[in-house]
Amino acid sequence: SGKESLHERVGEAYIDVSNLALEKGIIHVWTGAHINKEGEKRSTSRYKATDLAASLDISRHVQAMFGLNRTEAEDQNNLQRMEIIDQRDGKPNGRAVFGYNRDTQRMWELRGEELKDYQETYTDILDESDEDEVSYKGNRRRKGGDLN
């Protein structure tokens, strides 16, 4: 684009990819991104859109952002969380929990008893410093701790 700012160039790259996907009829485009130092502090909870490195504009140009998070305990037990960071249409927050096999690089979503065991074991790791954070049972917390 010829722009000097890295932030503007990264933002424009996302616009170009989106336009190419529309032109070619591609439904989903997935890209990777790194987090900044602030995001590292939240690696055990849910990332925020401002935690992305290189461009704050990315969240303005995508339909949804997802973060892969895990604590040391989750990592030792071969567990991985995928959380909604931001989404234009649909639920603003949510989480799926996966088991994974490092050797085969395969993942499966926890369901039923596996998910229930996970929720009972790992709910204490959620960073509830944000008054409007998501609980592990998928419910949105409101001020005063009410769940809806």
# chains A, B, ... in the order shown; residues from 1 in each chain; ligands from 1
call {"tool": "select_by_dssp", "arguments": {"residues": "region 71-133 of chain A", "states": "strand (DSSP E or B)", "output": "list in words"}}
result
Leu79, Gln80, Arg81, Met82, Glu83, Ile84, Ile85, Asp86, Gln87, Arg95, Ala96, Val97, Phe98, Gly99, Tyr100, Asn101, Arg106, Met107, Trp108 and Glu109 of chain A
call {"tool": "closest_residue", "arguments": {"among": "A:Glu38, A:Glu113, A:Glu23, A:Asp89", "to": "Met65 (chain A)", "atoms": "only C-alpha atoms"}}
result
A:Asp89
call {"tool": "select_by_dssp", "arguments": {"residues": "region 2-63 of chain A", "states": "helix (DSSP H, G or I)", "output": "JSON, numbers by chain"}}
result
{"A": [6, 7, 8, 9, 10, 11, 12, 13, 14, 15, 16, 17, 18, 19, 20, 21, 22, 23, 24, 37, 38, 39, 40, 49, 50, 51, 58, 59, 60, 61]}
call {"tool": "closest_residue", "arguments": {"among": "A:Leu6, A:Val17, A:Glu40, A:Ala96", "to": "Glu109 (chain A)", "atoms": "only C-alpha atoms"}}
result
A:Ala96
